[in-house]
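Student: Below is start.csv; it holds CSV, C-alpha atoms and all ligand atoms.
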```
chain,number,residue,atom,x,y,z
A,1,MET,CA,-35.6,-42.2,-2.3
A,2,SER,CA,-32.1,-43.2,-3.4
A,3,GLU,CA,-31.9,-45.7,-0.6
A,4,ILE,CA,-34.8,-47.7,-2.2
A,5,LYS,CA,-33.1,-47.6,-5.6
A,6,ASN,CA,-29.9,-48.8,-4.1
A,7,VAL,CA,-31.6,-51.8,-2.7
A,8,ILE,CA,-33.9,-52.8,-5.6
A,9,ASN,CA,-31.2,-52.2,-8.2
A,10,GLN,CA,-28.6,-54.4,-6.6
A,11,ALA,CA,-28.9,-57.6,-8.7
A,12,SER,CA,-28.2,-60.8,-6.9
A,13,VAL,CA,-27.6,-62.8,-10.1
A,14,TYR,CA,-26.2,-61.2,-13.3
A,15,LEU,CA,-23.7,-61.5,-16.2
A,16,ASN,CA,-20.7,-59.2,-15.7
A,17,GLU,CA,-18.8,-57.3,-18.4
A,18,GLU,CA,-16.7,-60.4,-19.1
A,19,ASP,CA,-19.9,-62.4,-19.7
A,20,GLN,CA,-19.3,-64.4,-16.5
A,21,LEU,CA,-22.1,-65.5,-14.2
A,22,VAL,CA,-21.9,-63.7,-10.9
A,23,ILE,CA,-24.0,-63.9,-7.7
A,24,ILE,CA,-24.2,-62.2,-4.4
A,25,ASP,CA,-23.4,-64.8,-1.8
A,26,GLN,CA,-26.5,-64.6,0.3
A,27,THR,CA,-25.1,-66.8,3.0
A,28,GLN,CA,-22.6,-64.0,3.9
A,29,LEU,CA,-25.2,-61.2,4.4
A,30,PRO,CA,-25.8,-59.0,6.2
A,31,ASN,CA,-22.1,-58.9,7.4
A,32,ARG,CA,-20.2,-59.2,4.1
A,33,LEU,CA,-21.2,-58.3,0.5
A,34,ILE,CA,-19.3,-60.9,-1.5
A,35,HIS,CA,-19.7,-61.6,-5.2
A,36,LEU,CA,-18.9,-65.1,-6.5
A,37,VAL,CA,-18.1,-66.0,-10.1
A,38,MET,CA,-19.6,-69.4,-11.2
A,39,ASN,CA,-17.2,-71.3,-13.4
A,40,THR,CA,-18.2,-75.0,-13.3
A,41,PRO,CA,-21.3,-77.1,-13.0
A,42,GLU,CA,-20.2,-77.9,-9.4
A,43,ASP,CA,-20.0,-74.2,-8.6
A,44,CYS,CA,-23.6,-73.8,-9.8
A,45,TYR,CA,-24.9,-76.9,-8.1
A,46,LYS,CA,-23.2,-75.8,-4.8
A,47,ALA,CA,-24.5,-72.3,-5.1
A,48,ILE,CA,-28.1,-73.5,-5.2
A,49,TYR,CA,-27.7,-76.3,-2.6
A,50,LEU,CA,-25.9,-74.0,-0.1
A,51,LEU,CA,-28.4,-71.2,-0.6
A,52,GLN,CA,-25.7,-68.8,-1.8
A,53,VAL,CA,-28.3,-68.1,-4.5
A,54,ARG,CA,-31.8,-68.6,-3.2
A,55,GLY,CA,-35.5,-67.6,-3.5
A,56,ALA,CA,-37.6,-69.3,-6.2
A,57,PRO,CA,-37.4,-66.6,-8.9
A,58,ALA,CA,-33.7,-65.9,-8.4
A,59,ILE,CA,-33.0,-69.7,-8.6
A,60,GLY,CA,-34.9,-69.7,-12.0
A,61,ILE,CA,-32.9,-66.7,-13.3
A,62,PHE,CA,-29.7,-68.3,-12.1
A,63,ALA,CA,-30.6,-71.6,-13.8
A,64,GLY,CA,-31.1,-69.9,-17.1
A,65,TYR,CA,-27.7,-68.1,-17.0
A,66,SER,CA,-26.0,-71.3,-15.7
A,67,MET,CA,-27.1,-73.3,-18.8
A,68,TYR,CA,-25.6,-70.5,-20.9
A,69,VAL,CA,-22.3,-70.1,-19.2
A,70,LEU,CA,-21.8,-73.8,-18.7
A,71,SER,CA,-22.4,-74.4,-22.4
A,72,LYS,CA,-19.6,-72.0,-23.4
A,73,PRO,CA,-16.7,-74.5,-22.8
A,74,LEU,CA,-18.6,-77.1,-24.9
A,75,VAL,CA,-18.5,-74.9,-28.0
A,76,ASP,CA,-15.9,-77.0,-29.9
A,77,LEU,CA,-17.9,-80.3,-29.6
A,78,PRO,CA,-20.0,-81.8,-32.4
A,79,TYR,CA,-23.5,-80.5,-32.1
A,80,THR,CA,-25.1,-83.8,-31.0
A,81,GLU,CA,-22.5,-84.2,-28.3
A,82,PHE,CA,-23.0,-80.6,-27.2
A,83,LEU,CA,-26.8,-81.3,-26.8
A,84,SER,CA,-26.2,-84.5,-24.9
A,85,GLN,CA,-23.7,-82.7,-22.4
A,86,PHE,CA,-26.1,-79.8,-22.2
A,87,HIS,CA,-28.8,-82.2,-21.1
A,88,ASN,CA,-26.6,-83.9,-18.5
A,89,GLN,CA,-25.6,-80.6,-17.0
A,90,LYS,CA,-29.3,-79.6,-16.9
A,91,GLU,CA,-30.2,-82.7,-15.0
A,92,TYR,CA,-27.3,-82.2,-12.6
A,93,ILE,CA,-28.3,-78.6,-11.8
A,94,ASN,CA,-31.9,-79.7,-11.4
A,95,SER,CA,-31.0,-82.2,-8.7
A,96,SER,CA,-29.6,-79.4,-6.4
A,97,ARG,CA,-32.9,-78.6,-4.7
A,98,PRO,CA,-36.4,-80.1,-5.3
A,99,THR,CA,-39.1,-77.8,-4.0
A,100,ALA,CA,-38.9,-74.5,-5.9
A,101,VAL,CA,-40.5,-75.2,-9.3
A,102,ASN,CA,-38.7,-72.2,-10.9
A,103,LEU,CA,-35.6,-74.3,-11.1
A,104,SER,CA,-37.0,-77.0,-13.4
A,105,TRP,CA,-39.2,-74.5,-15.1
A,106,ALA,CA,-36.2,-72.4,-16.2
A,107,LEU,CA,-34.0,-75.4,-17.1
A,108,ASN,CA,-36.7,-77.0,-19.2
A,109,ARG,CA,-37.4,-73.7,-20.9
A,110,MET,CA,-33.8,-73.3,-21.9
A,111,GLU,CA,-33.6,-76.8,-23.3
A,112,ARG,CA,-36.9,-76.5,-25.1
A,113,LYS,CA,-35.8,-73.2,-26.7
A,114,LEU,CA,-32.8,-74.9,-28.1
A,115,LEU,CA,-34.5,-78.1,-29.3
A,116,GLU,CA,-37.4,-76.2,-30.9
A,117,SER,CA,-35.1,-73.9,-32.8
A,118,ASP,CA,-33.7,-74.8,-36.2
A,119,CYS,CA,-30.2,-74.5,-34.8
A,120,THR,CA,-27.5,-76.9,-36.0
A,121,ASN,CA,-24.3,-75.6,-34.6
A,122,THR,CA,-22.9,-74.8,-31.2
A,123,LYS,CA,-22.1,-71.1,-31.9
A,124,ASP,CA,-25.7,-70.3,-32.8
A,125,ALA,CA,-26.8,-72.4,-29.8
A,126,LEU,CA,-24.8,-70.2,-27.4
A,127,HIS,CA,-26.4,-67.1,-28.9
A,128,ILE,CA,-29.9,-68.6,-28.4
A,129,LEU,CA,-29.2,-69.7,-24.9
A,130,ARG,CA,-27.8,-66.3,-23.9
A,131,GLN,CA,-30.9,-64.5,-25.3
A,132,GLU,CA,-33.3,-66.8,-23.5
A,133,ALA,CA,-31.5,-66.5,-20.2
A,134,VAL,CA,-31.6,-62.7,-20.5
A,135,ARG,CA,-35.3,-62.9,-21.4
A,136,ILE,CA,-36.1,-65.0,-18.3
A,137,HIS,CA,-34.4,-62.3,-16.2
A,138,GLU,CA,-36.2,-59.4,-18.0
A,139,GLU,CA,-39.5,-61.1,-17.7
A,140,ASP,CA,-39.0,-61.6,-13.9
A,141,ILE,CA,-38.3,-57.9,-13.5
A,142,LEU,CA,-41.6,-57.1,-15.2
A,143,MET,CA,-43.5,-59.7,-13.3
A,144,CYS,CA,-42.2,-58.5,-9.9
A,145,LYS,CA,-43.3,-54.9,-10.8
A,146,ALA,CA,-46.8,-56.0,-11.8
A,147,ILE,CA,-47.1,-58.2,-8.7
A,148,SER,CA,-46.0,-55.2,-6.6
A,149,GLU,CA,-48.7,-53.0,-8.1
A,150,TYR,CA,-51.4,-55.6,-7.4
A,151,GLY,CA,-50.1,-56.2,-3.9
A,152,LEU,CA,-50.1,-52.5,-3.2
A,153,SER,CA,-53.8,-52.3,-4.0
A,154,LEU,CA,-54.4,-54.5,-1.0
A,155,ILE,CA,-52.8,-52.2,1.6
A,156,LYS,CA,-53.0,-48.6,2.7
A,157,ASP,CA,-50.6,-46.1,4.2
A,158,GLY,CA,-49.6,-46.9,7.8
A,159,ASP,CA,-50.6,-50.6,7.6
A,160,GLY,CA,-48.7,-53.2,9.6
A,161,ILE,CA,-47.5,-56.1,7.5
A,162,LEU,CA,-46.0,-59.4,8.6
A,163,THR,CA,-43.6,-61.3,6.3
A,164,HIS,CA,-41.8,-64.6,6.5
A,165,CYS,CA,-38.5,-65.6,5.0
A,166,ASN,CA,-37.2,-63.4,2.2
A,167,ALA,CA,-39.1,-62.7,-1.0
A,168,GLY,CA,-37.3,-59.4,-1.7
A,169,PRO,CA,-34.9,-58.1,-4.4
A,170,LEU,CA,-32.2,-60.7,-3.4
A,171,ALA,CA,-34.6,-63.6,-4.0
A,172,THR,CA,-36.0,-62.2,-7.3
A,173,SER,CA,-35.3,-59.1,-9.4
A,174,ARG,CA,-35.8,-55.5,-8.4
A,175,TYR,CA,-38.9,-55.0,-6.2
A,176,GLY,CA,-39.3,-58.7,-5.1
A,177,THR,CA,-42.7,-60.3,-4.7
A,178,ALA,CA,-43.9,-60.3,-1.0
A,179,THR,CA,-41.8,-57.1,-0.4
A,180,GLY,CA,-42.7,-55.5,-3.7
A,181,PRO,CA,-45.8,-53.6,-2.5
A,182,ILE,CA,-43.8,-52.3,0.4
A,183,PHE,CA,-40.9,-50.9,-1.8
A,184,LEU,CA,-43.3,-49.6,-4.4
A,185,GLY,CA,-45.5,-47.9,-1.7
A,186,ARG,CA,-42.4,-46.5,0.0
A,187,GLU,CA,-41.3,-45.0,-3.4
A,188,ARG,CA,-44.6,-43.3,-3.6
A,189,GLY,CA,-44.2,-41.8,-0.2
A,190,MET,CA,-46.2,-44.3,1.8
A,191,GLN,CA,-44.9,-45.8,5.0
A,192,PHE,CA,-45.7,-49.3,6.4
A,193,LYS,CA,-44.7,-51.0,9.7
A,194,VAL,CA,-43.2,-54.3,8.6
A,195,PHE,CA,-42.6,-57.2,11.0
A,196,CYS,CA,-40.1,-59.7,9.7
A,197,ASP,CA,-40.1,-63.2,11.1
A,198,GLU,CA,-36.5,-64.2,11.6
A,199,THR,CA,-37.2,-67.5,9.9
A,200,ARG,CA,-35.4,-70.3,11.6
A,201,PRO,CA,-33.2,-72.2,10.9
A,202,LEU,CA,-31.5,-70.2,8.2
A,203,LEU,CA,-32.6,-66.8,9.3
A,204,GLN,CA,-33.5,-65.4,5.8
A,205,GLY,CA,-36.0,-63.0,7.5
A,206,ALA,CA,-33.3,-61.6,9.8
A,207,ARG,CA,-30.3,-61.7,7.6
A,208,LEU,CA,-31.9,-60.7,4.3
A,209,THR,CA,-35.4,-59.2,4.6
A,210,SER,CA,-34.7,-56.9,7.5
A,211,TYR,CA,-31.4,-56.0,5.8
A,212,GLU,CA,-33.2,-55.0,2.6
A,213,LEU,CA,-36.1,-53.2,4.2
A,214,THR,CA,-34.0,-51.3,6.8
A,215,ARG,CA,-31.6,-50.1,4.2
A,216,ALA,CA,-34.5,-48.9,2.1
A,217,GLY,CA,-35.8,-46.7,5.0
A,218,VAL,CA,-38.8,-48.9,5.7
A,219,ASP,CA,-40.0,-49.0,9.4
A,220,THR,CA,-38.9,-52.6,10.1
A,221,THR,CA,-39.1,-54.7,13.2
A,222,LEU,CA,-37.5,-58.1,13.5
A,223,ILE,CA,-39.2,-60.7,15.6
A,224,CYS,CA,-38.5,-64.4,16.4
A,225,ASP,CA,-40.8,-66.8,14.6
A,226,ASN,CA,-42.6,-67.7,17.8
A,227,MET,CA,-43.6,-64.0,18.4
A,228,ALA,CA,-45.9,-63.8,15.3
A,229,SER,CA,-49.0,-64.5,17.4
A,230,VAL,CA,-48.2,-61.7,19.8
A,231,VAL,CA,-47.9,-59.0,17.1
A,232,MET,CA,-51.1,-60.3,15.5
A,233,LYS,CA,-53.0,-60.4,18.9
A,234,ASN,CA,-51.7,-56.8,19.6
A,235,GLY,CA,-53.6,-55.7,16.5
A,236,TRP,CA,-50.3,-54.6,14.8
A,237,ILE,CA,-50.8,-56.7,11.6
A,238,ASP,CA,-53.2,-55.7,8.8
A,239,ALA,CA,-52.0,-58.2,6.2
A,240,VAL,CA,-49.5,-61.1,5.8
A,241,PHE,CA,-47.5,-61.1,2.6
A,242,VAL,CA,-45.3,-64.2,1.9
A,243,GLY,CA,-43.6,-65.6,-1.2
A,244,CYS,CA,-44.0,-69.1,-2.7
A,245,ASP,CA,-41.8,-71.8,-4.1
A,246,ARG,CA,-44.5,-73.9,-5.8
A,247,VAL,CA,-48.2,-73.2,-6.2
A,248,ALA,CA,-50.2,-76.3,-6.9
A,249,ALA,CA,-53.2,-76.3,-9.3
A,250,ASN,CA,-55.6,-76.1,-6.4
A,251,GLY,CA,-53.9,-73.2,-4.7
A,252,ASP,CA,-52.0,-75.1,-2.0
A,253,PHE,CA,-48.5,-73.8,-2.0
A,254,ALA,CA,-45.0,-74.6,-0.6
A,255,ASN,CA,-43.0,-71.8,1.0
A,256,LYS,CA,-40.3,-71.6,3.6
A,257,ILE,CA,-40.9,-73.7,6.7
A,258,GLY,CA,-43.1,-71.8,9.2
A,259,THR,CA,-45.3,-70.2,6.5
A,260,ASN,CA,-48.1,-72.6,7.3
A,261,THR,CA,-47.9,-71.7,11.0
A,262,VAL,CA,-48.3,-68.0,10.1
A,263,ALA,CA,-51.3,-68.8,7.9
A,264,ILE,CA,-53.0,-70.7,10.7
A,265,LEU,CA,-52.4,-67.8,13.1
A,266,ALA,CA,-53.7,-65.3,10.5
A,267,LYS,CA,-56.9,-67.2,10.1
A,268,HIS,CA,-57.3,-67.3,13.9
A,269,TYR,CA,-56.9,-63.6,14.2
A,270,GLY,CA,-58.9,-62.8,11.1
A,271,ILE,CA,-56.0,-61.2,9.2
A,272,PRO,CA,-55.9,-61.5,5.4
A,273,PHE,CA,-53.1,-63.8,4.2
A,274,TYR,CA,-51.6,-63.5,0.7
A,275,THR,CA,-49.0,-65.3,-1.2
A,276,LEU,CA,-47.3,-63.3,-4.0
A,277,GLY,CA,-45.5,-65.0,-6.8
A,278,PRO,CA,-44.9,-65.0,-10.6
A,279,SER,CA,-46.6,-67.5,-13.0
A,280,SER,CA,-43.2,-69.3,-13.2
A,281,THR,CA,-44.0,-70.5,-9.6
A,282,ILE,CA,-47.4,-72.0,-10.5
A,283,ASP,CA,-47.2,-75.7,-11.3
A,284,PHE,CA,-50.3,-76.9,-13.0
A,285,ASN,CA,-48.7,-80.4,-13.2
A,286,THR,CA,-48.9,-80.6,-9.4
A,287,ALA,CA,-52.5,-81.2,-8.4
A,288,SER,CA,-52.3,-80.3,-4.7
A,289,GLY,CA,-49.9,-79.7,-1.9
A,290,ASP,CA,-49.8,-83.4,-1.2
A,291,ASP,CA,-47.8,-83.9,-4.4
A,292,ILE,CA,-45.1,-81.3,-3.6
A,293,VAL,CA,-41.7,-82.8,-2.6
A,294,VAL,CA,-40.3,-81.0,0.4
A,295,GLU,CA,-36.6,-80.8,0.8
A,296,LEU,CA,-35.1,-82.2,4.0
A,297,ARG,CA,-31.8,-80.5,5.2
A,298,GLU,CA,-28.9,-81.1,7.5
A,299,PRO,CA,-29.3,-81.2,11.3
A,300,ALA,CA,-26.3,-78.8,11.5
A,301,GLU,CA,-28.6,-75.9,10.4
A,302,ILE,CA,-30.5,-76.3,13.6
A,303,LYS,CA,-27.9,-77.4,16.1
A,304,THR,CA,-24.5,-75.8,15.2
A,305,MET,CA,-24.4,-73.5,12.3
A,306,TRP,CA,-25.2,-70.2,14.0
A,307,TYR,CA,-23.6,-70.8,17.4
A,308,LYS,CA,-20.1,-70.8,18.9
A,309,GLU,CA,-20.9,-74.1,20.6
A,310,PRO,CA,-23.4,-76.8,19.6
A,311,MET,CA,-26.9,-76.2,21.0
A,312,ALA,CA,-27.8,-79.8,21.3
A,313,LEU,CA,-26.0,-83.1,21.9
A,314,GLU,CA,-24.4,-84.6,18.8
A,315,GLU,CA,-26.6,-87.7,19.1
A,316,THR,CA,-29.8,-85.7,19.3
A,317,LYS,CA,-32.0,-86.3,16.3
A,318,CYS,CA,-33.3,-83.4,14.2
A,319,TYR,CA,-36.1,-83.1,11.7
A,320,ASN,CA,-35.3,-80.2,9.3
A,321,PRO,CA,-37.9,-79.8,6.5
A,322,SER,CA,-36.9,-76.7,4.5
A,323,TYR,CA,-40.5,-75.9,3.4
A,324,ASP,CA,-44.1,-76.5,4.5
A,325,VAL,CA,-47.3,-76.6,2.5
A,326,THR,CA,-50.0,-74.2,3.2
A,327,SER,CA,-53.5,-75.3,2.4
A,328,HIS,CA,-55.5,-73.1,-0.1
A,329,GLU,CA,-58.2,-72.9,2.6
A,330,LEU,CA,-56.0,-70.6,4.6
A,331,VAL,CA,-55.1,-68.3,1.7
A,332,THR,CA,-57.1,-65.1,1.1
A,333,GLY,CA,-55.6,-64.5,-2.3
A,334,ILE,CA,-52.7,-65.4,-4.7
A,335,VAL,CA,-51.1,-62.2,-6.1
A,336,THR,CA,-49.6,-62.8,-9.6
A,337,GLU,CA,-48.4,-60.6,-12.4
A,338,ARG,CA,-51.8,-61.1,-14.1
A,339,GLY,CA,-53.9,-60.1,-11.1
A,340,ILE,CA,-55.1,-61.3,-7.7
A,341,VAL,CA,-56.6,-64.8,-7.7
A,342,TYR,CA,-59.3,-65.4,-5.2
A,343,PRO,CA,-61.1,-68.7,-4.3
A,344,PRO,CA,-62.1,-71.0,-5.8
A,345,PHE,CA,-58.4,-71.2,-6.7
A,346,GLU,CA,-58.5,-74.2,-9.0
A,347,GLU,CA,-61.0,-72.6,-11.2
A,348,ASN,CA,-59.7,-69.1,-11.1
A,349,LEU,CA,-56.0,-70.0,-11.6
A,350,GLU,CA,-57.0,-72.0,-14.6
A,351,LYS,CA,-59.1,-69.2,-16.0
A,352,LEU,CA,-56.3,-66.7,-15.6
A,353,PHE,CA,-53.4,-68.7,-16.9
A,354,LEU,CA,-54.6,-71.6,-19.0
A,355,LYS,CA,-57.6,-70.3,-20.9
B,1,LIG,O1,-34.9,-71.9,1.2
B,1,LIG,P1,-35.1,-70.6,0.5
B,1,LIG,O2,-34.4,-69.4,1.2
B,1,LIG,O3,-34.7,-70.6,-1.0
B,1,LIG,O4,-36.6,-70.3,0.6
B,1,LIG,C1,-37.2,-69.2,0.0
B,1,LIG,C2,-38.6,-69.0,0.2
B,1,LIG,O5,-39.3,-69.7,0.8
B,1,LIG,C3,-39.2,-67.8,-0.5
B,1,LIG,O6,-40.3,-67.3,0.2
B,1,LIG,C4,-39.6,-68.1,-1.9
B,1,LIG,O7,-38.6,-68.7,-2.6
B,1,LIG,C5,-40.2,-67.0,-2.6
B,1,LIG,S1,-38.9,-65.8,-3.1
B,1,LIG,C6,-39.7,-64.7,-4.0
```
Just dump the structure as structure tokens.
Tutor:
Amino acid sequence: MSEIKNVINQASVYLNEEDQLVIIDQTQLPNRLIHLVMNTPEDCYKAIYLLQVRGAPAIGIFAGYSMYVLSKPLVDLPYTEFLSQFHNQKEYINSSRPTAVNLSWALNRMERKLLESDCTNTKDALHILRQEAVRIHEEDILMCKAISEYGLSLIKDGDGILTHCNAGPLATSRYGTATGPIFLGRERGMQFKVFCDETRPLLQGARLTSYELTRAGVDTTLICDNMASVVMKNGWIDAVFVGCDRVAANGDFANKIGTNTVAILAKHYGIPFYTLGPSSTIDFNTASGDDIVVELREPAEIKTMWYKEPMALEETKCYNPSYDVTSHELVTGIVTERGIVYPPFEENLEKLFLK
């Protein structure tokens, strides 16, 4: 089972021995494994915007470490000036992508930690920030493991599972969320048949999920997004597992574009549909999916990015929302580190996390 260990132990975001922030550049996979060191606020902003680091929990972990490493060059400033520059950098990083709530969640948590401490100097501040960033990362490892255990209780050996986008180790820490039950089950000698939607336009399912699962020895089949109904109709899918970028208080959730299509298909074919995510992805300040801001991205991602030649005329308009919102009515359950939440979601999410 060392293949599984190799995959789940390969951190996509970490501090190296020189205390620098390093990421795996996810835009280069599966062809090149490139590590990038983040030195400036612009590096960190760009890494999130370009999806070099991506996946809601990984963005949160990255945001925590960013606030620490970007504060180091500010150490000689007077403390009030340090705090003000810290805040400006936080707002800048927060403007990189709007939909995954883990970004603002982690940034606010880092700032709150500092402001609520009795710290009065920059040296102690750096110590507090480093500790908190590491804590965010360590908590994510534990949450992913717990989510994987709960998710595994929903499937049995030999099941067919459909997944969309990438909610694996690269997007999180260790087991991942939507892929967590698969890795965990595999470690325990189970085998599943996993179908990965390629996930147009940025191909996270093809480039990242099928890469992770195949390397871990999981029976993996890559399909184009528009083939999901066929594999469902063929009776090959027992459950759909997807990640989430923001879960609203009523259970509606944003995830990679195409997730809602999969949920509608699953309902049609009577297949259980689960989203798996940590509590850092649940946003009780967002009442419903209507309140979630969906990021719009460049036409180049659709027309040119993956091709030798453009696949449409330059003047052809494109609409490229990066996420869609799936209504809670299509969701069988939300798998969290505290347990599986079933309808009525508003009531049960509140019970599990707020009471
Ligand atoms: O645009 P991306 O690649 O960051 O979108 C990622 C997803 O939609 C994932 O499913 C989500 O972040 C959950 S990752 C555990």
Student: As a VMD selection string, please: every protein or nucleic acid residue near ligand LIG 1 (chain B) (cut-off 6 Å, counting only C-alpha atoms and all ligand atoms).
Tutor: chain A and resid 54 to 57 165 to 167 171 to 172 177 243 to 245 255 to 256
Student: Report the distance between CA of Leu103 in chain A and CA of Leu330 in chain A in Å, rounded to one decimal place.
Tutor: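 Atom-to-atom, CA of Leu103 in chain A and CA of Leu330 in chain A are spaced 26.0 Å apart.
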Student: Of the candidates A:Asp219, A:Glu314, A:Asp140, A:Glu111, which shows the shortest atom-to-atom distance to Ile59 in chain A, using all atoms listed in the file?
Tutor: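 Between A:Asp219, A:Glu314, A:Asp140, A:Glu111, the residue approaching Ile59 in chain A most closely is A:Asp140.
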Student: Go through range 92-198 of chain A and flag each residue having an atom no more than 8 Å from range 336-344 of chain A; for those, report the closest pair of atoms plus their distance in Å to one decimal, using all atoms listed in the file, ordered by chain and rising number, as JSON lines.
Tutor:
```
{"residue": "A:Met143", "atom": "CA", "partner": "A:Glu337", "partner_atom": "CA", "distance": 5.1}
{"residue": "A:Cys144", "atom": "CA", "partner": "A:Glu337", "partner_atom": "CA", "distance": 7.0}
{"residue": "A:Lys145", "atom": "CA", "partner": "A:Glu337", "partner_atom": "CA", "distance": 7.8}
{"residue": "A:Ala146", "atom": "CA", "partner": "A:Glu337", "partner_atom": "CA", "distance": 4.9}
{"residue": "A:Ile147", "atom": "CA", "partner": "A:Glu337", "partner_atom": "CA", "distance": 4.6}
{"residue": "A:Tyr150", "atom": "CA", "partner": "A:Gly339", "partner_atom": "CA", "distance": 6.3}
```
Student: One decimal, Å: what's the distance from CA of Asp43 in chain A over to CA of Tyr307 in chain A, could you say?
Tutor: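 Computed distance, CA of Asp43 in chain A to CA of Tyr307 in chain A, equals 26.5 Å.
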